[in-house]
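One file, input-v6.cif, carrying mmCIF, C-alpha atoms:
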```cif
data_input
#
loop_
_atom_site.label_atom_id
_atom_site.label_comp_id
_atom_site.auth_asym_id
_atom_site.auth_seq_id
_atom_site.Cartn_x
_atom_site.Cartn_y
_atom_site.Cartn_z
CA MET A 1 0.00 0.00 0.00
CA ILE A 2 2.84 2.34 0.81
CA GLU A 3 3.98 2.02 -2.81
CA ARG A 4 1.02 4.23 -3.75
CA LEU A 5 1.95 6.95 -1.26
CA ALA A 6 3.28 9.35 -3.90
CA GLU A 7 0.21 9.02 -6.09
CA LEU A 8 -2.16 9.49 -3.13
CA VAL A 9 -0.40 12.48 -1.61
CA ASN A 10 0.42 14.28 -4.84
CA ALA A 11 -3.20 14.02 -6.01
CA ASP A 12 -4.34 15.82 -2.85
CA GLU A 13 -3.73 19.51 -3.56
CA LYS A 14 -4.81 20.60 -0.08
CA LEU A 15 -2.31 18.26 1.55
CA VAL A 16 0.50 19.31 -0.78
CA ARG A 17 -0.24 22.94 0.05
CA ARG A 18 -0.13 22.24 3.79
CA GLY A 19 3.33 20.74 3.31
CA ARG A 20 4.60 23.35 0.86
CA PHE A 21 7.64 24.14 3.03
CA VAL A 22 8.56 20.49 3.63
CA HIS A 23 11.80 19.40 2.04
CA THR A 24 13.20 16.23 3.58
CA THR A 25 13.67 12.48 3.29
CA PHE A 26 12.24 10.26 6.00
CA LEU A 27 12.14 6.54 6.64
CA ILE A 28 9.03 4.41 7.19
CA GLU A 29 9.50 0.88 8.40
CA VAL A 30 6.57 -1.47 7.96
CA GLY A 31 7.75 -4.47 9.92
CA ASP A 32 11.06 -5.46 8.33
CA THR A 33 10.53 -3.46 5.15
CA GLY A 34 11.92 0.04 4.97
CA TYR A 35 10.89 2.81 2.60
CA LEU A 36 12.69 6.11 2.09
CA VAL A 37 10.23 8.87 1.24
CA ARG A 38 11.68 11.98 -0.39
CA ILE A 39 9.51 15.10 -0.15
CA VAL A 40 10.10 18.28 -2.13
CA ASP A 41 7.83 21.28 -1.46
CA GLY A 42 5.13 19.03 -0.03
CA ARG A 43 5.08 16.64 -3.00
CA ILE A 44 6.46 13.14 -2.76
CA ALA A 45 9.31 12.97 -5.23
CA ALA A 46 10.27 9.35 -4.61
CA VAL A 47 9.44 6.31 -2.49
CA THR A 48 12.33 3.84 -2.47
CA GLN A 49 12.00 0.41 -0.94
CA GLY A 50 14.93 -1.08 1.01
CA PRO A 51 17.09 -2.83 1.90
CA PHE A 52 19.46 0.11 2.12
CA ILE A 53 23.21 0.12 2.65
CA THR A 54 23.69 3.62 4.08
CA PRO A 55 20.24 5.18 4.23
CA ASN A 56 20.21 8.95 4.70
CA TYR A 57 17.10 10.40 6.28
CA SER A 58 16.00 13.01 8.82
CA PHE A 59 13.64 10.93 10.94
CA ALA A 60 12.24 7.42 11.04
CA LEU A 61 8.78 6.02 11.83
CA ARG A 62 8.99 2.33 12.73
CA ALA A 63 6.07 0.05 13.59
CA PRO A 64 5.13 -3.63 13.13
CA ARG A 65 3.21 -4.42 9.97
CA ASP A 66 -0.01 -5.35 11.78
CA ALA A 67 0.04 -2.01 13.66
CA TRP A 68 0.30 -0.08 10.38
CA GLU A 69 -2.41 -2.22 8.79
CA THR A 70 -4.78 -1.50 11.68
CA PHE A 71 -3.86 2.21 11.47
CA TRP A 72 -4.67 2.13 7.75
CA GLN A 73 -8.17 0.70 8.17
CA ASP A 74 -10.96 2.98 6.93
CA LEU A 75 -12.23 3.40 10.49
CA PRO A 76 -9.35 2.46 12.79
CA PRO A 77 -10.30 1.23 16.27
CA PRO A 78 -9.41 3.28 19.38
CA GLY A 79 -5.68 3.33 19.96
CA PHE A 80 -4.87 2.95 16.26
CA ASN A 81 -6.40 6.06 14.70
CA ASP A 82 -3.38 8.37 14.92
CA LEU A 83 0.43 8.26 14.85
CA PHE A 84 0.52 9.56 18.43
CA ALA A 85 -1.96 6.88 19.49
CA LEU A 86 0.38 4.18 18.12
CA PHE A 87 3.31 5.99 19.68
CA LYS A 88 1.71 6.14 23.14
CA ARG A 89 0.87 2.42 22.95
CA GLY A 90 4.53 1.73 22.28
CA LEU A 91 3.81 0.35 18.80
CA LEU A 92 5.43 3.21 16.87
CA ARG A 93 8.97 4.44 17.37
CA ILE A 94 9.77 7.97 16.20
CA GLU A 95 13.49 8.64 15.99
CA GLY A 96 16.04 11.00 14.50
CA ASP A 97 15.86 14.72 13.80
CA LEU A 98 12.22 15.35 14.69
CA HIS A 99 12.19 19.02 13.67
CA PRO A 100 10.68 18.55 10.20
CA PHE A 101 8.16 16.09 11.65
CA MET A 102 7.02 18.24 14.57
CA ALA A 103 7.06 21.51 12.60
CA ASN A 104 4.72 19.91 10.04
CA LEU A 105 2.86 17.49 12.26
CA LEU A 106 -0.61 17.83 10.73
CA TYR A 107 0.94 17.34 7.28
CA PHE A 108 2.89 14.19 8.19
CA LYS A 109 -0.07 12.70 10.05
CA ASP A 110 -2.21 13.13 6.94
CA VAL A 111 0.54 11.84 4.62
CA LEU A 112 0.64 8.59 6.56
CA ALA A 113 -3.14 8.45 6.89
CA SER A 114 -3.55 8.95 3.12
CA VAL A 115 -2.75 5.27 2.69
CA ARG A 116 -6.25 4.60 4.06
CA ARG A 117 -7.59 5.73 0.71
CA ALA A 118 -5.65 2.89 -0.95
CA ALA A 119 -7.70 0.16 0.75
CA PRO A 120 -7.87 -2.93 -1.52
CA CYS A 121 -11.60 -2.59 -2.16
CA GLN A 122 -11.08 0.89 -3.61
CA GLU A 123 -8.00 0.00 -5.62
CA ALA A 124 -8.38 0.23 -9.38
CA PRO A 125 -7.55 -2.95 -11.31
CA ARG A 126 -4.00 -2.94 -12.67
CA MET B 127 -29.04 31.18 6.38
CA SER B 128 -30.94 34.08 7.96
CA PRO B 129 -28.94 36.09 10.52
CA ALA B 130 -29.65 35.14 14.12
CA PHE B 131 -27.96 35.81 17.44
CA GLU B 132 -27.20 32.80 19.59
CA PRO B 133 -28.65 32.82 23.13
CA ILE B 134 -25.12 33.06 24.59
CA VAL B 135 -24.12 36.22 26.47
CA GLY B 136 -20.40 36.98 26.77
CA ARG B 137 -19.03 39.56 29.23
CA TYR B 138 -15.76 40.55 30.83
CA LEU B 139 -15.51 40.09 34.58
CA ASN B 140 -12.93 42.16 36.45
CA LEU B 141 -11.86 40.44 39.65
CA ASN B 142 -8.92 39.52 41.79
CA LEU B 143 -7.73 36.00 41.08
CA LEU B 144 -4.82 34.45 42.94
CA GLY B 145 -4.19 37.84 44.52
CA ARG B 146 -3.84 39.79 41.25
CA PRO B 147 -6.28 41.81 39.15
CA HIS B 148 -7.61 39.86 36.18
CA ARG B 149 -9.93 40.51 33.26
CA LEU B 150 -11.80 37.29 32.62
CA TYR B 151 -14.07 36.50 29.69
CA VAL B 152 -17.23 34.65 30.76
CA GLU B 153 -20.02 33.25 28.59
CA GLU B 154 -23.35 32.00 29.82
CA ALA B 155 -26.79 30.87 28.74
CA GLY B 156 -29.83 29.30 30.35
CA GLN B 157 -31.35 29.29 33.78
CA GLY B 158 -31.54 26.93 36.70
CA ILE B 159 -28.81 24.97 38.43
CA PRO B 160 -25.44 26.67 37.81
CA LEU B 161 -23.17 24.48 35.68
CA LEU B 162 -19.64 25.87 35.58
CA CYS B 163 -17.68 24.47 32.64
CA LEU B 164 -13.88 24.17 32.41
CA HIS B 165 -12.10 23.93 29.06
CA THR B 166 -9.12 21.73 28.17
CA ALA B 167 -5.43 22.65 28.26
CA GLY B 168 -4.43 25.20 25.63
CA SER B 169 -7.97 25.92 24.46
CA ASP B 170 -10.84 28.13 25.66
CA ALA B 171 -14.51 28.19 26.57
CA ARG B 172 -15.67 28.06 22.94
CA GLN B 173 -15.39 24.31 23.41
CA TYR B 174 -18.76 24.53 25.20
CA ARG B 175 -20.55 26.37 22.35
CA GLY B 176 -22.72 23.32 21.64
CA LEU B 177 -24.00 23.03 25.21
CA LEU B 178 -24.53 26.78 25.58
CA LYS B 179 -26.80 26.69 22.52
CA ASP B 180 -28.70 23.53 23.40
CA PRO B 181 -32.11 24.14 25.03
CA ARG B 182 -32.16 20.54 26.29
CA VAL B 183 -29.33 21.68 28.58
CA THR B 184 -30.11 25.37 29.14
CA ASP B 185 -33.80 24.87 30.00
CA ASN B 186 -32.76 23.53 33.40
CA TYR B 187 -29.18 24.68 33.83
CA ARG B 188 -27.46 28.06 33.85
CA VAL B 189 -24.41 27.07 31.82
CA ILE B 190 -21.35 29.24 32.48
CA ALA B 191 -18.01 28.83 30.73
CA PHE B 192 -15.02 31.10 31.25
CA ASP B 193 -11.70 31.41 29.51
CA MET B 194 -8.97 30.78 32.05
CA PRO B 195 -6.40 33.58 32.41
CA TRP B 196 -3.95 33.44 29.43
CA HIS B 197 -6.61 31.63 27.34
CA GLY B 198 -9.15 32.77 24.77
CA LYS B 199 -10.28 36.34 25.41
CA SER B 200 -9.09 36.41 29.04
CA SER B 201 -5.88 38.38 29.35
CA PRO B 202 -2.81 37.20 31.15
CA PRO B 203 -2.14 39.27 34.30
CA ALA B 204 -0.09 42.45 33.97
CA GLY B 205 3.60 41.60 33.92
CA TRP B 206 3.05 38.34 32.02
CA GLN B 207 5.86 39.15 29.62
CA ASP B 208 8.41 38.42 32.32
CA GLU B 209 6.86 35.15 33.51
CA GLU B 210 6.73 31.57 32.36
CA TYR B 211 3.11 30.42 32.59
CA ARG B 212 2.74 27.18 34.56
CA LEU B 213 -0.57 25.95 35.93
CA THR B 214 -0.42 24.30 39.36
CA SER B 215 -3.05 22.32 41.24
CA ARG B 216 -3.17 24.91 44.00
CA ASP B 217 -3.74 27.85 41.65
CA TYR B 218 -6.28 25.95 39.54
CA VAL B 219 -8.42 24.97 42.57
CA ARG B 220 -8.23 28.53 43.94
CA MET B 221 -9.17 30.01 40.57
CA ILE B 222 -12.32 27.90 40.31
CA VAL B 223 -13.40 28.66 43.87
CA GLU B 224 -12.72 32.39 43.41
CA VAL B 225 -14.61 32.56 40.12
CA ALA B 226 -17.58 30.68 41.64
CA ASP B 227 -17.57 33.12 44.58
CA ALA B 228 -17.24 36.19 42.34
CA LEU B 229 -20.19 35.36 40.11
CA PRO B 230 -21.56 34.33 42.79
CA LEU B 231 -22.80 30.77 42.35
CA ASP B 232 -24.65 28.78 45.01
CA LYS B 233 -23.39 25.19 45.10
CA PRO B 234 -22.70 24.94 41.38
CA VAL B 235 -22.10 21.78 39.43
CA VAL B 236 -18.58 21.92 37.97
CA MET B 237 -17.89 20.06 34.74
CA GLY B 238 -14.35 20.01 33.39
CA CYS B 239 -12.63 18.25 30.52
CA SER B 240 -9.06 16.86 30.46
CA ILE B 241 -7.16 19.21 32.82
CA GLY B 242 -10.68 20.21 33.87
CA GLY B 243 -11.54 16.55 34.35
CA ARG B 244 -8.49 16.20 36.55
CA ILE B 245 -9.19 19.29 38.63
CA VAL B 246 -12.69 18.11 39.50
CA LEU B 247 -10.97 15.20 41.29
CA HIS B 248 -9.00 17.76 43.30
CA LEU B 249 -12.25 19.67 44.00
CA ALA B 250 -13.93 16.42 45.09
CA HIS B 251 -11.06 15.79 47.47
CA GLU B 252 -10.58 19.31 48.87
CA HIS B 253 -13.97 21.04 48.64
CA PRO B 254 -16.77 18.47 48.36
CA GLU B 255 -19.13 20.67 50.41
CA ARG B 256 -18.96 23.54 47.94
CA PHE B 257 -20.39 21.74 44.94
CA ARG B 258 -23.73 20.11 44.16
CA ALA B 259 -22.02 17.55 41.95
CA LEU B 260 -18.91 17.20 39.81
CA ILE B 261 -18.63 15.92 36.25
CA GLY B 262 -15.24 14.81 34.94
CA LEU B 263 -14.89 14.53 31.18
CA GLU B 264 -11.77 12.64 30.08
CA SER B 265 -10.79 12.36 33.70
CA ALA B 266 -7.93 10.28 35.11
CA ALA B 267 -5.76 10.55 38.22
CA HIS B 268 -2.56 10.90 36.19
CA VAL B 269 -1.28 10.92 32.61
CA ALA B 270 2.39 10.07 32.14
CA PRO B 271 4.31 12.25 29.65
CA TYR B 272 4.62 10.47 26.31
CA TYR B 273 6.21 13.14 24.12
CA ASP B 274 8.61 16.03 24.69
CA VAL B 275 6.41 19.06 25.44
CA SER B 276 9.25 21.49 24.67
CA TRP B 277 8.18 21.15 21.02
CA LEU B 278 5.07 23.15 21.93
CA HIS B 279 6.97 26.38 22.60
CA ARG B 280 10.09 27.17 20.63
CA PRO B 281 10.73 29.84 18.03
CA ASP B 282 11.49 27.51 15.12
CA VAL B 283 8.17 25.63 15.28
CA HIS B 284 4.81 27.38 14.83
CA GLY B 285 3.13 26.99 18.23
CA GLY B 286 -0.43 26.98 16.96
CA GLU B 287 0.26 24.43 14.24
CA VAL B 288 2.15 22.05 16.50
CA CYS B 289 -0.40 22.27 19.34
CA ALA B 290 -3.18 21.39 16.89
CA GLY B 291 -1.00 18.65 15.42
CA VAL B 292 -0.35 17.11 18.82
CA VAL B 293 -4.03 16.95 19.77
CA SER B 294 -5.61 16.19 16.38
CA GLY B 295 -5.59 12.43 16.85
CA LEU B 296 -7.39 12.73 20.18
CA ILE B 297 -10.55 13.58 18.25
CA ALA B 298 -12.60 10.54 17.25
CA PRO B 299 -12.39 9.75 13.52
CA THR B 300 -16.19 9.92 13.31
CA ALA B 301 -16.38 13.56 14.50
CA PRO B 302 -18.08 15.93 12.02
CA PRO B 303 -15.32 17.76 10.06
CA ALA B 304 -16.60 21.26 10.91
CA GLU B 305 -16.55 20.55 14.64
CA ARG B 306 -13.18 18.77 14.41
CA TRP B 307 -11.54 21.73 12.69
CA GLU B 308 -13.24 24.26 14.99
CA THR B 309 -11.72 22.34 17.90
CA LEU B 310 -8.29 22.44 16.28
CA TRP B 311 -8.64 26.14 15.45
CA HIS B 312 -8.94 26.92 19.17
CA TYR B 313 -5.62 25.14 19.68
CA MET B 314 -4.06 27.04 16.80
CA GLN B 315 -5.05 30.31 18.50
CA GLY B 316 -3.47 29.59 21.88
CA GLY B 317 -0.83 32.00 23.20
CA PRO B 318 2.84 30.99 23.13
CA GLY B 319 3.67 28.46 25.84
CA VAL B 320 0.15 28.35 27.27
CA PHE B 321 -0.71 24.76 26.26
CA LYS B 322 2.69 23.68 27.55
CA GLY B 323 2.09 25.57 30.80
CA ASP B 324 -1.24 23.79 31.29
CA LEU B 325 0.41 20.44 30.67
CA TYR B 326 2.63 21.07 33.67
CA PHE B 327 -0.53 20.57 35.72
CA TYR B 328 -1.79 17.70 33.56
CA LYS B 329 1.39 15.63 33.51
CA VAL B 330 3.33 16.70 36.60
CA ASP B 331 1.80 18.79 39.36
CA GLY B 332 -1.80 17.56 39.11
CA ASP B 333 -1.02 13.89 39.75
CA ILE B 334 -3.65 12.85 42.32
CA ARG B 335 -3.10 9.09 42.39
CA ASP B 336 -2.17 9.17 46.08
CA ARG B 337 -5.43 10.93 47.10
CA VAL B 338 -8.03 9.33 44.84
CA ASP B 339 -8.98 6.84 47.53
CA LEU B 340 -9.80 9.74 49.88
CA ILE B 341 -12.53 11.11 47.58
CA ASP B 342 -15.93 10.60 49.19
CA THR B 343 -18.60 10.58 46.49
CA LYS B 344 -21.30 10.47 49.17
CA ARG B 345 -20.33 14.02 50.13
CA CYS B 346 -20.32 15.18 46.52
CA PRO B 347 -21.56 12.97 43.68
CA LEU B 348 -19.00 12.44 40.93
CA PHE B 349 -19.81 11.44 37.35
CA LEU B 350 -17.16 10.47 34.79
CA LEU B 351 -17.62 10.44 31.01
CA THR B 352 -14.73 9.42 28.75
CA GLY B 353 -14.55 8.98 24.99
CA GLU B 354 -13.37 5.62 23.70
CA TYR B 355 -10.89 7.28 21.29
CA ASP B 356 -9.08 9.20 24.04
CA TYR B 357 -5.53 7.84 24.30
CA SER B 358 -4.40 10.70 26.56
CA CYS B 359 -6.82 10.17 29.41
CA THR B 360 -7.55 6.52 28.73
CA THR B 361 -10.76 4.68 29.44
CA GLU B 362 -8.72 2.48 31.81
CA GLY B 363 -7.64 5.60 33.72
CA THR B 364 -11.24 6.72 34.13
CA LEU B 365 -12.50 3.30 35.17
CA ASP B 366 -9.73 3.11 37.75
CA VAL B 367 -10.91 6.39 39.34
CA ALA B 368 -14.49 5.12 39.26
CA ARG B 369 -13.55 1.87 40.94
CA ARG B 370 -11.60 3.64 43.67
CA THR B 371 -14.15 6.39 44.40
CA GLY B 372 -17.53 4.87 43.64
CA ALA B 373 -18.08 7.47 40.92
CA GLU B 374 -20.36 6.55 38.05
CA ALA B 375 -18.42 6.17 34.80
CA VAL B 376 -19.62 5.86 31.23
CA ILE B 377 -17.35 5.18 28.25
CA MET B 378 -18.70 7.17 25.32
CA LYS B 379 -18.70 5.47 21.91
CA GLY B 380 -17.53 7.47 18.90
CA LEU B 381 -16.01 10.27 20.97
CA GLY B 382 -12.47 11.27 21.87
CA HIS B 383 -10.76 13.73 24.20
CA PHE B 384 -12.93 16.79 23.40
CA PRO B 385 -16.47 15.39 23.46
CA MET B 386 -18.34 18.70 23.99
CA SER B 387 -16.45 20.36 21.14
CA GLU B 388 -15.64 17.63 18.61
CA ASP B 389 -19.19 16.27 18.42
CA PRO B 390 -21.61 18.22 20.67
CA GLU B 391 -24.69 16.40 19.40
CA ARG B 392 -23.33 12.95 20.20
CA PHE B 393 -21.96 14.16 23.54
CA VAL B 394 -25.20 15.70 24.77
CA GLY B 395 -26.82 12.28 24.44
CA TYR B 396 -24.42 11.07 27.13
CA LEU B 397 -24.64 14.23 29.25
CA LEU B 398 -28.42 14.62 29.53
CA PRO B 399 -28.94 11.50 31.69
CA VAL B 400 -26.23 12.77 34.06
CA LEU B 401 -27.82 16.23 34.24
CA GLY B 402 -31.17 14.55 34.93
CA ARG B 403 -29.65 12.56 37.77
CA ILE B 404 -28.17 15.71 39.29
CA ARG B 405 -31.50 17.54 39.11
CA ALA B 406 -33.06 14.67 41.06
CA LEU B 407 -30.47 14.85 43.87
#
```

Translate the structure described by the file into structure tokens.
Amino acid sequence: MIERLAELVNADEKLVRRGRFVHTTFLIEVGDTGYLVRIVDGRIAAVTQGPFITPNYSFALRAPRDAWETFWQDLPPPGFNDLFALFKRGLLRIEGDLHPFMANLLYFKDVLASVRRAAPCQEAPR
Amino acid sequence: MSPAFEPIVGRYLNLNLLGRPHRLYVEEAGQGIPLLCLHTAGSDARQYRGLLKDPRVTDNYRVIAFDMPWHGKSSPPAGWQDEEYRLTSRDYVRMIVEVADALPLDKPVVMGCSIGGRIVLHLAHEHPERFRALIGLESAAHVAPYYDVSWLHRPDVHGGEVCAGVVSGLIAPTAPPAERWETLWHYMQGGPGVFKGDLYFYKVDGDIRDRVDLIDTKRCPLFLLTGEYDYSCTTEGTLDVARRTGAEAVIMKGLGHFPMSEDPERFVGYLLPVLGRIRAL
């Protein structure tokens, strides 16, 4: 699902505008699989799947696959509806230089939540 | 939409609070039993707009909501520019008692949310004789820090944006978008360092775990309402207080940490039975 992150975010003009000052690369780990997400002016320029040899990123969001999958449900249950909810439950680790993340918190929360719109039932046939 | 005034009256009350002159913004509507409402950390009394406009509430209750000093349209005290704002349990209890005396209110019901839900536990412990009943929304004896609050007040991060970002997930995903974003707007409008200063009470000074067992709900009835999506004050935290005090607790489906503001219509369905019980006391 994360593979569609660029398409989902870049199609959302309001979200891109909210992140118009964001210029960074961050790491998402879904279980054992890492993805580097490069953002330029609020648009996702690239999503690169690991493994990586010397990954270079500002901050990392790491959670088990089942925690992300629950977070990405259309209507997540209590405790799984928000990055900070996962974080407080100890399921999400947030590490690194948090400045871009905290300075653009509503943007990054919605970037990660945008994957909800890629639920399999809504996915166009390929 | 044809133009129409709401039934809410807002006025500025000049009074001494905590030994200093203050200019406090107070809104009210309705008549009957006084119901003094306390907003959450870093926000203001607009969170109670839904209740203040709802005749099912105001037909029997005089609903009063004030902006705490430093919040909303209440000014900080003169000299604020040289102080760091930090809310303490002692000041918060005194403020509520002094406001109730200044208005003056005869044995009001106090209903508070989050920090307000915490302080009603302090009121139940210290001043049970002064209140007809207490209602704690999103109330727990303690919330451990789970993120670094220094992010909320520093020059290289927009305070309003980060405060809204921190609390946004505490709103239930089912909340109507207009009410969700109104709730976040209040956070975006908070003064620099004010949310952080309130959290000093919420996460440090206001810890009442060692006195919860001393609360006597026979002296002052205590009702607890907590939204299932609240991961700050958790449902477990509320049920623990209920178990230890004999308070009545209800976990509210489809609501989060700001029930009266994020989804007033859904919330009032949970509140009306409590208000009915208090009228029958």

**Q.** Selection result for the PyMOL selection byres ((chain B and resi 296) around 6) on this file, as a PyMOL selection string
**A.** chain B and resi 293-295+297+356+382-383

Q. Given a cut-off of 7 Å, which residues of chain B touch chain A, counting only C-alpha atoms, written out as an MDAnalysis selection string?
A. chainID B and resid 272 283:284 288 291 295 354:355 357

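Among the candidates B:Pro147, B:Asn186, B:Phe327, B:Asp336, the residue lying nearest to Gly205 in chain B is B:Pro147 (atoms considered: all atoms listed in the file).
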
(Q) Between CA of Met378 in chain B and CA of Thr166 in chain B, what distance in Å does the model show, to one decimal? (A)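 Atom-to-atom, CA of Met378 in chain B to CA of Thr166 in chain B, that is 17.7 Å.
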
Kindly list the centre and edge lengths in Å, rounded to one decimal, for the axis-aligned box that covers all listed atoms of range 159-177 of chain B plus 4 Å on each of its six sides, as lines of an AutoDock Vina configuration file.
```
center_x = -16.6
center_y = 25.0
center_z = 30.0
size_x = 32.4
size_y = 14.5
size_z = 24.8
```

Q) Distance CA of Leu231 in chain B-CA of Val189 in chain B, one decimal place? A)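 Calculated distance between CA of Leu231 in chain B and CA of Val189 in chain B is 11.3 Å.
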
Q. Can you list, as a ChimeraX atom specification, the residues that the PyMOL selection byres ((chain B and resi 328) around 12) selects here?
A. /B:166-168,212-215,218,239-245,264-271,275,321-327,329-334,358-359

Q.
Which residues, named as in the file, does the PyMOL selection byres ((chain A and resi 93) around 9) pick out? Answer as an NGL selection string.
A. :A and (60-63 or 86-87 or 90-92 or 94-95)

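The spacing separating CA of His248 in chain B from CA of Leu161 in chain B amounts to 17.4 Å.
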
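Among the candidates B:Tyr313, B:Tyr187, B:Tyr174, B:Tyr138, the residue lying nearest to Gln157 in chain B is B:Tyr187 (atoms considered: all atoms listed in the file).
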
Q: Find the residues around Gly317 in chain B up to 12 Å (all atoms listed in the file counted), leave out those fewer than 6 positions away in its own chain, and share them as an NGL selection string.
A: :B and (167-170 or 195-202 or 206-207 or 210-211 or 278-279 or 284-287 or 289 or 323-324)

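Comparing the minimum interatomic distances between Ala11 in chain A and each of A:Ala67, A:Ile44, A:Leu112, A:Ile53, counting all atoms listed in the file, we find that A:Ile44 sits nearest.
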
Q) For Pro399 in chain B, which residue out of B:Val183, B:Leu144, B:Leu310, B:Ala301 is the nearest one, using only C-alpha atoms? A)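 Between B:Val183, B:Leu144, B:Leu310, B:Ala301, the residue approaching Pro399 in chain B most closely is B:Val183.
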
(Q) List as an NGL selection string the protein and nucleic acid residues near Asp339 in chain B, meaning an atom at most 10 Å away when all atoms listed in the file are counted, but skip any in the same chain fewer than 4 places from it. (A) :B and (251 or 334-335 or 367 or 369-372)
